[in-house]
file my_file.txt (compact mmCIF, C-alpha atoms)
# COMPACT_ATOMS: atom_id res chain seq x y z
CA MET A 157 -22.01 -9.95 29.35
CA PRO A 158 -20.75 -6.68 27.83
CA THR A 159 -23.45 -4.02 27.75
CA THR A 160 -22.02 -2.06 24.85
CA VAL A 161 -20.84 -2.75 21.31
CA SER A 162 -18.22 -0.75 19.44
CA LYS A 163 -16.59 -0.39 16.05
CA PRO A 164 -12.99 -1.65 16.17
CA ALA A 165 -10.46 1.01 15.15
CA HIS A 166 -9.23 -1.11 12.23
CA ILE A 167 -12.71 -1.27 10.70
CA LYS A 168 -13.56 1.51 8.25
CA PHE A 169 -16.72 1.88 6.24
CA ARG A 170 -18.51 4.12 3.78
CA ARG A 171 -21.67 4.27 1.70
CA GLU A 172 -21.64 3.55 -2.01
CA ALA A 173 -24.38 3.98 -4.62
CA ASP A 174 -25.57 0.48 -3.79
CA GLY A 175 -24.94 -0.51 -0.17
CA GLY A 176 -21.50 0.16 1.18
CA LEU A 177 -17.99 -1.04 1.86
CA VAL A 178 -16.36 -2.31 5.02
CA TYR A 179 -12.57 -2.29 5.09
CA ASP A 180 -10.63 -4.27 7.68
CA HIS A 181 -7.01 -3.26 7.86
CA GLU A 182 -4.42 -3.73 10.60
CA ASN A 183 -1.07 -3.83 8.80
CA TYR A 184 1.06 -2.03 6.28
CA GLY A 185 -0.26 -2.39 2.78
CA TYR A 186 -3.72 -3.13 1.50
CA GLU A 187 -2.86 -6.54 0.10
CA ASP A 188 -3.56 -8.32 3.35
CA ALA A 189 -6.59 -6.22 4.15
CA SER A 190 -10.13 -7.50 3.77
CA MET A 191 -12.94 -5.62 2.12
CA TYR A 192 -16.60 -6.51 1.91
CA ALA A 193 -19.47 -5.14 -0.08
CA VAL A 194 -22.24 -4.81 2.49
CA SER A 195 -25.91 -3.90 2.62
CA ASP A 196 -27.33 -0.55 3.64
CA THR A 197 -28.29 -2.13 6.95
CA VAL A 198 -24.67 -2.82 7.92
CA ILE A 199 -23.74 0.78 7.15
CA GLU A 200 -26.73 2.01 9.12
CA VAL A 201 -25.69 -0.10 12.12
CA LEU A 202 -22.13 1.24 11.99
CA GLU A 203 -23.38 4.81 11.72
CA PHE A 204 -25.79 4.22 14.60
CA VAL A 205 -23.07 2.72 16.81
CA ASP A 206 -20.91 5.78 16.08
CA GLY A 207 -17.90 4.48 17.98
CA GLU A 208 -19.62 2.78 20.93
CA ARG A 209 -23.22 2.34 21.97
CA SER A 210 -25.28 0.19 24.31
CA ARG A 211 -25.96 -3.23 22.83
CA GLU A 212 -29.54 -3.01 23.95
CA SER A 213 -30.19 0.16 21.96
CA VAL A 214 -28.59 -1.26 18.80
CA GLU A 215 -30.60 -4.47 19.11
CA ALA A 216 -33.77 -2.43 19.61
CA GLU A 217 -33.07 -0.28 16.55
CA PHE A 218 -32.14 -3.23 14.32
CA SER A 219 -32.30 -6.74 15.74
CA PRO A 220 -30.35 -9.05 18.08
CA THR A 221 -29.56 -11.27 15.11
CA VAL A 222 -27.97 -8.42 13.14
CA VAL A 223 -25.84 -7.41 16.13
CA GLU A 224 -24.73 -10.98 16.79
CA THR A 225 -23.85 -11.54 13.13
CA LEU A 226 -21.72 -8.38 12.97
CA LEU A 227 -19.98 -9.34 16.22
CA GLN A 228 -19.15 -12.77 14.79
CA ARG A 229 -17.77 -11.21 11.63
CA GLY A 230 -15.62 -8.77 13.61
CA VAL A 231 -17.30 -5.72 12.15
CA LEU A 232 -18.42 -4.90 15.68
CA SER A 233 -16.71 -5.85 18.90
CA ASP A 234 -17.85 -6.13 22.46
CA GLY A 235 -17.44 -2.95 24.44
CA GLU A 236 -17.59 -2.62 28.22
CA MET B 53 -15.84 -6.00 -6.38
CA ALA B 54 -18.74 -3.79 -7.31
CA SER B 55 -19.58 -3.47 -10.99
CA GLU B 56 -20.29 0.24 -10.62
CA PRO B 57 -17.23 2.48 -10.16
CA LEU B 58 -16.55 3.18 -6.51
CA SER B 59 -17.29 6.68 -5.26
CA ALA B 60 -13.66 6.88 -4.13
CA PRO B 61 -10.63 4.64 -4.13
CA VAL B 62 -10.20 2.23 -1.25
CA THR B 63 -6.56 3.18 -1.00
CA ILE B 64 -4.21 5.46 -2.88
CA THR B 65 -0.47 5.62 -3.33
CA TRP B 66 0.86 9.12 -2.99
CA GLU B 67 4.40 9.73 -4.17
CA VAL B 68 5.09 12.91 -2.23
CA THR B 69 8.48 13.74 -3.75
CA LEU B 70 11.04 12.46 -6.22
CA GLY B 71 13.81 13.68 -3.91
CA CYS B 72 15.80 11.08 -2.03
CA ASN B 73 19.07 11.01 -0.14
CA LEU B 74 19.88 7.65 -1.77
CA HIS B 75 20.23 6.68 -5.42
CA CYS B 76 19.28 2.98 -5.56
CA ASP B 77 20.08 1.04 -8.72
CA HIS B 78 16.56 -0.38 -9.02
CA CYS B 79 14.46 2.64 -7.95
CA LEU B 80 11.07 2.29 -9.63
CA SER B 81 10.52 6.05 -9.67
CA GLY B 82 14.06 7.01 -10.66
CA SER B 83 14.39 9.18 -7.54
CA GLY B 84 17.58 10.57 -6.11
CA PRO B 85 19.34 13.53 -4.51
CA GLY B 86 18.06 16.78 -6.00
CA HIS B 87 15.44 15.00 -8.10
CA GLN B 88 12.55 16.98 -6.60
CA LEU B 89 10.14 18.31 -9.22
CA PRO B 90 9.81 22.09 -9.30
CA ASN B 91 6.02 21.78 -9.05
CA GLU B 92 5.68 19.29 -6.19
CA LEU B 93 2.64 20.06 -4.02
CA THR B 94 3.20 22.77 -1.44
CA THR B 95 2.28 22.13 2.18
CA GLU B 96 -0.93 24.10 1.73
CA GLU B 97 -1.86 22.22 -1.45
CA ALA B 98 -1.04 18.88 0.17
CA LYS B 99 -3.26 19.69 3.14
CA SER B 100 -6.08 20.70 0.82
CA PHE B 101 -5.72 17.34 -0.94
CA ILE B 102 -5.77 15.51 2.40
CA ALA B 103 -9.01 17.29 3.31
CA GLU B 104 -10.57 16.07 0.07
CA LEU B 105 -9.36 12.50 0.72
CA ASP B 106 -11.15 12.69 4.04
CA GLU B 107 -14.33 14.09 2.49
CA MET B 108 -14.32 11.25 -0.03
CA ASP B 109 -13.79 8.64 2.72
CA VAL B 110 -10.61 7.16 1.25
CA PHE B 111 -9.69 4.45 3.74
CA GLN B 112 -5.94 4.29 3.36
CA VAL B 113 -3.05 6.32 1.96
CA ASN B 114 0.29 4.72 1.13
CA ILE B 115 3.03 7.33 1.17
CA GLY B 116 6.03 6.79 -1.07
CA GLY B 117 8.50 8.71 -3.14
CA GLY B 118 11.41 9.32 -3.37
CA GLU B 119 12.15 9.33 0.31
CA PRO B 120 9.14 10.91 2.01
CA PHE B 121 11.12 12.23 4.96
CA VAL B 122 13.29 14.50 2.81
CA ARG B 123 10.17 16.67 2.61
CA PRO B 124 10.54 19.16 5.47
CA ASP B 125 6.76 19.11 6.04
CA MET B 126 6.36 15.32 5.97
CA LEU B 127 5.57 14.91 9.65
CA GLU B 128 3.07 17.75 9.45
CA LEU B 129 1.32 16.03 6.54
CA LEU B 130 1.30 12.65 8.28
CA GLU B 131 -0.24 14.30 11.33
CA ALA B 132 -2.91 15.81 9.07
CA LEU B 133 -3.72 12.38 7.62
CA THR B 134 -3.81 10.43 10.86
CA ALA B 135 -5.75 13.16 12.67
CA ARG B 136 -8.50 12.42 10.14
CA ASP B 137 -8.27 8.70 10.97
CA ILE B 138 -6.99 7.83 7.50
CA SER B 139 -4.83 4.69 7.72
CA THR B 140 -1.41 5.93 6.70
CA CYS B 141 1.44 3.71 5.54
CA VAL B 142 4.84 5.23 4.91
CA SER B 143 7.50 3.60 2.79
CA THR B 144 10.94 4.86 3.84
CA ASN B 145 14.56 3.96 3.26
CA GLY B 146 15.03 4.11 7.04
CA THR B 147 17.94 6.54 7.06
CA GLN B 148 15.97 9.60 8.18
CA LEU B 149 14.37 8.19 11.33
CA ASP B 150 16.02 10.11 14.17
CA GLU B 151 14.56 10.00 17.68
CA THR B 152 12.65 13.27 17.27
CA THR B 153 11.00 11.91 14.15
CA LEU B 154 10.16 8.63 15.86
CA ASP B 155 8.68 10.49 18.85
CA ARG B 156 6.27 12.29 16.56
CA LEU B 157 5.48 9.18 14.50
CA GLU B 158 4.74 7.18 17.63
CA ALA B 159 2.11 9.73 18.61
CA MET B 160 0.24 9.15 15.34
CA ASP B 161 -2.46 6.52 14.84
CA PRO B 162 -3.24 4.75 12.56
CA LEU B 163 0.28 4.87 11.11
CA PHE B 164 2.49 2.09 9.77
CA LEU B 165 6.09 2.14 8.56
CA GLN B 166 7.73 0.10 5.86
CA VAL B 167 11.53 0.13 5.93
CA SER B 168 13.45 -1.01 2.87
CA MET B 169 16.11 -3.70 3.17
CA ASP B 170 17.18 -5.30 -0.07
CA GLY B 171 19.38 -8.06 1.27
CA LEU B 172 21.97 -8.55 3.96
CA ARG B 173 24.84 -6.06 4.20
CA ALA B 174 26.71 -6.85 0.97
CA GLU B 175 23.67 -7.24 -1.27
CA ASN B 176 21.77 -4.33 0.26
CA ASP B 177 24.64 -1.88 0.08
CA ALA B 178 25.54 -2.91 -3.46
CA ILE B 179 22.10 -1.68 -4.54
CA ARG B 180 21.28 1.04 -1.99
CA GLY B 181 24.70 2.49 -1.15
CA GLU B 182 27.64 1.90 1.17
CA GLY B 183 26.73 1.97 4.86
CA VAL B 184 22.95 1.99 4.31
CA TYR B 185 22.47 -1.51 5.75
CA ASP B 186 23.93 -0.48 9.10
CA GLN B 187 21.72 2.62 9.19
CA VAL B 188 18.62 0.52 8.51
CA VAL B 189 19.59 -2.03 11.18
CA ASP B 190 20.04 0.83 13.64
CA ALA B 191 16.61 2.25 12.75
CA LEU B 192 14.93 -1.16 13.11
CA GLU B 193 16.59 -1.73 16.49
CA ARG B 194 15.26 1.62 17.71
CA LEU B 195 11.82 0.93 16.23
CA GLU B 196 11.66 -2.32 18.18
CA ASP B 197 11.03 -0.33 21.36
CA ARG B 198 8.42 1.87 19.73
CA ASP B 199 4.70 1.38 19.36
CA ILE B 200 4.82 1.78 15.58
CA GLY B 201 3.68 -1.03 13.30
CA THR B 202 6.77 -1.78 11.23
CA THR B 203 7.42 -3.96 8.22
CA VAL B 204 10.69 -4.73 6.51
CA ASN B 205 10.26 -4.45 2.76
CA THR B 206 12.47 -6.36 0.36
CA VAL B 207 12.45 -6.08 -3.40
CA VAL B 208 13.39 -9.62 -4.39
CA THR B 209 16.30 -9.80 -6.81
CA ARG B 210 18.63 -12.40 -8.22
CA GLN B 211 21.25 -11.23 -5.72
CA ASN B 212 19.19 -11.28 -2.51
CA VAL B 213 16.66 -14.10 -2.93
CA ALA B 214 18.93 -16.50 -1.03
CA ASP B 215 19.02 -14.02 1.87
CA LEU B 216 15.26 -14.20 2.45
CA PRO B 217 15.38 -16.74 5.29
CA GLU B 218 17.88 -14.60 7.19
CA ILE B 219 16.01 -11.37 6.45
CA TYR B 220 12.83 -13.03 7.69
CA GLU B 221 14.55 -14.09 10.93
CA PHE B 222 16.05 -10.63 11.33
CA ALA B 223 12.70 -8.88 10.88
CA ASP B 224 10.99 -11.30 13.24
CA ALA B 225 13.68 -10.80 15.89
CA HIS B 226 12.98 -7.08 15.75
CA GLY B 227 9.22 -7.42 16.02
CA ALA B 228 8.69 -6.48 12.39
CA GLY B 229 6.85 -8.28 9.63
CA LEU B 230 8.39 -9.01 6.25
CA ARG B 231 6.88 -7.85 2.99
CA LEU B 232 8.20 -8.79 -0.42
CA ASN B 233 7.89 -6.88 -3.63
CA ARG B 234 8.65 -8.03 -7.11
CA PHE B 235 11.50 -6.30 -8.90
CA ARG B 236 10.05 -4.49 -11.91
CA PRO B 237 11.61 -2.87 -14.96
CA SER B 238 10.40 0.58 -14.04
CA GLY B 239 12.45 3.72 -13.44
CA ARG B 240 16.10 2.75 -13.07
CA GLY B 241 14.92 -0.83 -12.76
CA GLU B 242 14.47 -0.80 -16.51
CA ASP B 243 18.23 -0.55 -16.99
CA ALA B 244 18.93 -3.14 -14.30
CA TRP B 245 16.24 -5.61 -15.40
CA ASP B 246 18.53 -8.28 -16.83
CA GLU B 247 20.98 -7.96 -13.95
CA PHE B 248 18.47 -8.23 -11.10
CA ARG B 249 15.52 -10.27 -12.34
CA LEU B 250 15.07 -13.73 -10.90
CA GLU B 251 16.16 -16.87 -12.72
CA ALA B 252 13.79 -19.81 -13.13
CA GLU B 253 15.24 -21.83 -10.25
CA GLN B 254 15.08 -18.79 -7.96
CA ILE B 255 11.42 -18.21 -8.83
CA ARG B 256 10.60 -21.78 -7.84
CA PHE B 257 12.56 -21.35 -4.60
CA LEU B 258 10.74 -18.10 -3.83
CA HIS B 259 7.29 -19.60 -4.30
CA GLU B 260 8.14 -22.71 -2.29
CA TRP B 261 9.56 -20.54 0.47
CA LEU B 262 6.44 -18.38 0.48
CA GLU B 263 4.29 -21.49 0.83
CA ASP B 264 6.19 -22.30 4.01
CA HIS B 265 6.02 -18.72 5.32
CA GLN B 266 2.40 -17.69 5.04
CA ASP B 267 2.93 -14.74 7.36
CA VAL B 268 5.17 -13.04 4.82
CA ARG B 269 3.20 -10.29 3.13
CA THR B 270 3.48 -9.80 -0.58
CA GLY B 271 2.98 -6.33 -1.97
CA ASP B 272 2.61 -7.13 -5.60
CA SER B 273 -0.28 -8.11 -7.77
CA PHE B 274 1.57 -11.18 -9.00
CA PHE B 275 2.12 -12.90 -5.69
CA TYR B 276 -1.44 -14.15 -5.55
CA LEU B 277 -0.27 -16.57 -8.22
CA ASN B 278 2.14 -19.38 -7.51
CA ALA B 279 4.89 -20.58 -9.84
CA LEU B 280 2.33 -22.60 -11.80
CA GLY B 281 0.11 -19.58 -12.31
CA GLU B 282 -2.46 -20.93 -9.82
CA VAL B 283 -4.22 -18.67 -7.37
CA ARG B 284 -2.61 -19.27 -3.98
CA ASN B 285 -4.76 -17.00 -1.85
CA ASP B 286 -7.79 -14.75 -2.00
CA THR B 287 -7.05 -11.23 -0.92
CA LEU B 288 -7.08 -7.81 -2.54
CA LYS B 289 -4.06 -8.71 -4.63
CA GLN B 290 -5.87 -8.56 -7.92
CA CYS B 291 -5.09 -5.52 -10.00
CA GLY B 292 -7.11 -2.66 -8.56
CA ALA B 293 -5.51 0.06 -10.66
CA GLY B 294 -8.16 2.59 -11.51
CA SER B 295 -10.91 0.61 -9.82
CA MET B 296 -9.90 0.37 -6.15
CA THR B 297 -6.69 2.34 -6.09
CA CYS B 298 -4.73 4.95 -7.98
CA LEU B 299 -1.50 6.88 -7.83
CA VAL B 300 -0.97 10.57 -7.14
CA ASP B 301 2.43 11.83 -8.22
CA PRO B 302 4.45 14.57 -6.47
CA ALA B 303 2.85 17.27 -8.64
CA GLY B 304 -0.65 16.01 -7.87
CA ASP B 305 -1.28 14.30 -11.20
CA VAL B 306 -3.45 11.18 -10.95
CA TYR B 307 -2.74 7.86 -12.71
CA PRO B 308 -4.16 4.33 -12.34
CA CYS B 309 -1.03 3.05 -10.61
CA ALA B 310 2.68 3.65 -10.08
CA PHE B 311 3.50 1.78 -13.26
CA THR B 312 1.08 3.57 -15.56
CA GLN B 313 2.37 7.10 -15.28
CA TRP B 314 1.86 7.82 -18.96
CA ASP B 315 0.31 10.99 -20.36
CA HIS B 316 -2.50 9.13 -22.10
CA LEU B 317 -3.58 7.57 -18.79
CA ALA B 318 -3.40 10.77 -16.71
CA SER B 319 -6.80 11.69 -15.36
CA GLY B 320 -6.39 15.13 -13.86
CA ASN B 321 -4.65 16.97 -11.07
CA VAL B 322 -5.74 17.00 -7.44
CA ILE B 323 -5.34 20.78 -7.18
CA GLU B 324 -6.30 22.04 -10.64
CA ASP B 325 -9.21 19.63 -11.16
CA GLY B 326 -9.83 18.26 -7.68
CA PHE B 327 -9.31 14.64 -6.72
CA GLU B 328 -12.97 13.69 -6.96
CA THR B 329 -13.07 14.82 -10.60
CA ALA B 330 -9.83 13.00 -11.37
CA TRP B 331 -11.12 9.81 -9.75
CA SER B 332 -14.38 9.90 -11.68
CA GLU B 333 -12.37 10.07 -14.92
CA ILE B 334 -10.41 7.01 -13.85
CA ALA B 335 -13.48 4.86 -14.47
CA ASN B 336 -13.19 5.66 -18.16
CA LEU B 337 -9.50 4.82 -18.18
CA ARG B 338 -10.13 1.59 -16.36
CA SER B 339 -11.92 0.14 -19.37
CA ARG B 340 -8.69 0.66 -21.31
CA ILE B 341 -6.54 -1.31 -18.91
CA ASP B 342 -8.77 -4.35 -18.54
CA ASP B 343 -8.44 -7.65 -20.37
CA HIS B 344 -4.70 -8.06 -20.10
CA GLU B 345 -3.12 -11.19 -18.74
CA GLY B 346 -0.74 -10.40 -15.89
CA CYS B 347 -0.09 -6.78 -15.07
CA PRO B 348 -2.07 -4.46 -17.37
CA ALA B 349 0.48 -1.70 -16.89
CA VAL B 350 3.35 -3.83 -18.09
CA ALA B 351 1.30 -5.13 -21.01
CA MET B 352 0.30 -1.64 -22.10
CA GLY B 353 3.88 -0.44 -21.89
CA SER B 354 5.19 -3.29 -24.01
CA SER B 355 5.67 -3.48 -27.77
CA ASP B 356 2.22 -5.12 -28.01
CA PRO B 357 -0.09 -2.93 -25.89
CA ASN B 358 -3.06 -5.20 -26.53
CA GLY B 359 -1.27 -8.41 -25.71
CA GLU B 360 -0.28 -10.34 -22.64
CA ASP B 361 2.04 -8.85 -20.06
CA PRO B 362 5.39 -10.03 -21.47
CA GLN B 363 6.87 -10.21 -17.98
CA LEU B 364 4.22 -12.58 -16.71
CA ARG B 365 5.88 -15.73 -17.93
CA ALA B 366 9.31 -14.47 -16.96
CA ILE B 367 8.04 -13.81 -13.46
CA LEU B 368 6.14 -17.02 -13.04
CA SER B 369 8.51 -19.39 -14.72
CA GLY B 370 11.70 -17.54 -15.63
CA ASP B 371 11.12 -17.88 -19.39
call {"tool": "encode", "arguments": {"input": "my_file.txt", "output": "structure tokens"}}
result
Amino acid sequence: MPTTVSKPAHIKFRREADGGLVYDHENYGYEDASMYAVSDTVIEVLEFVDGERSRESVEAEFSPTVVETLLQRGVLSDGE
Amino acid sequence: MASEPLSAPVTITWEVTLGCNLHCDHCLSGSGPGHQLPNELTTEEAKSFIAELDEMDVFQVNIGGGEPFVRPDMLELLEALTARDISTCVSTNGTQLDETTLDRLEAMDPLFLQVSMDGLRAENDAIRGEGVYDQVVDALERLEDRDIGTTVNTVVTRQNVADLPEIYEFADAHGAGLRLNRFRPSGRGEDAWDEFRLEAEQIRFLHEWLEDHQDVRTGDSFFYLNALGEVRNDTLKQCGAGSMTCLVDPAGDVYPCAFTQWDHLASGNVIEDGFETAWSEIANLRSRIDDHEGCPAVAMGSSDPNGEDPQLRAILSGD
């Protein structure tokens, strides 16, 4: 099992007044991109991961469920 | 999307110059040789703007023109964007992509290229100029060996719609995607509207063909509708002018989109006012471009600014 989680390069995010945005973009043009309005927690996880971080530390800071959900949604990916 | 205005656009279109080495009949910006504005952003001003885009966390910048690569500093500016991890998409006519340029582009990430091809040889060159098709084919063949995400872009016209299957095969054979744009009566396209716009039967063919080719990207806010006006997919294709995206012209003036470059919808200049200020003013403009059927820009530019986009029915059904 991978011991780290990371933010895929094609995932971008930022804070907004209420929660934040996650932008998933791999091709030319924004029309086939995906964008989600997300909670503060998702933004906090992405800021905490800061590229790549041990899965154990992210699960300890937030929860295993949050990490698993973000992995399933492709907002995070398995690292090494 | 969010009901509150976003702190920054998700993506912007930045027309970096009105200069171009070609003079296409349907050019939406009316660009051409020597058409550069005297007050286009300098390299220093452009880099200052890029720094502000980064500070505001703009996710993606779509570079257009004119032909971006006629700007001597274009590669320098693209390096400045990608070094800040801003997804950068460049729309080019494909005639300026020598090996030195491709070497530098290949070193940039995240960077994507869109190369224009408006038909097979006869149809393309009739619109874009003699010999351009062969130059674009040469560029796409050289791009095939490069690690640069490439898309062939076709503005669909009455003359080239029948070529789409072959263009699709050509792009696929060269490892490129295909992206279609609607022909619009903007720039020189206004004069060519009746000559190039699709006929009813061609519109039906296009939408049926798209149904069978779901991997074809569609870069136009109308393609989320099928020929019956029904929503055919759920992406970001809804009009995001002034709410998710905006346009910055070569002089740094900010507008809701490429098709709303009117004085009464200008919202500031990225150098004189700063982009953040200009964007915050967009929220006020946005309320003036809502509530139109079809494309708000086309509706507002028509003889009945408060009515329906008069092109909508022509585009969906050929009326």
call {"tool": "interface_residues", "arguments": {"input": "my_file.txt", "of": "chain A", "to": "chain B", "cutoff": "12 Å", "atoms": "only C-alpha atoms", "output": "ChimeraX atom specification"}}
result
/A:165-194
call {"tool": "atom_distance", "arguments": {"input": "my_file.txt", "atom1": "atom CA of B:Glu128", "atom2": "atom CA of B:Leu299"}}
result
20.9 Å
call {"tool": "atom_distance", "arguments": {"input": "my_file.txt", "atom1": "atom CA of B:Ala310", "atom2": "atom CA of B:Pro217"}}
result
28.5 Å
call {"tool": "atom_distance", "arguments": {"input": "my_file.txt", "atom1": "atom CA of B:Thr206", "atom2": "atom CA of B:Asn176"}}
result
9.5 Å
call {"tool": "closest_residue", "arguments": {"input": "my_file.txt", "among": "B:Leu105, B:Val207, B:Leu154, B:Ala335", "to": "B:Cys79", "atoms": "all atoms listed in the file"}}
result
B:Val207
call {"tool": "closest_residue", "arguments": {"input": "my_file.txt", "among": "B:Ala225, B:Ala293, B:Ile179, B:Val306", "to": "B:Phe248", "atoms": "all atoms listed in the file"}}
result
B:Ile179
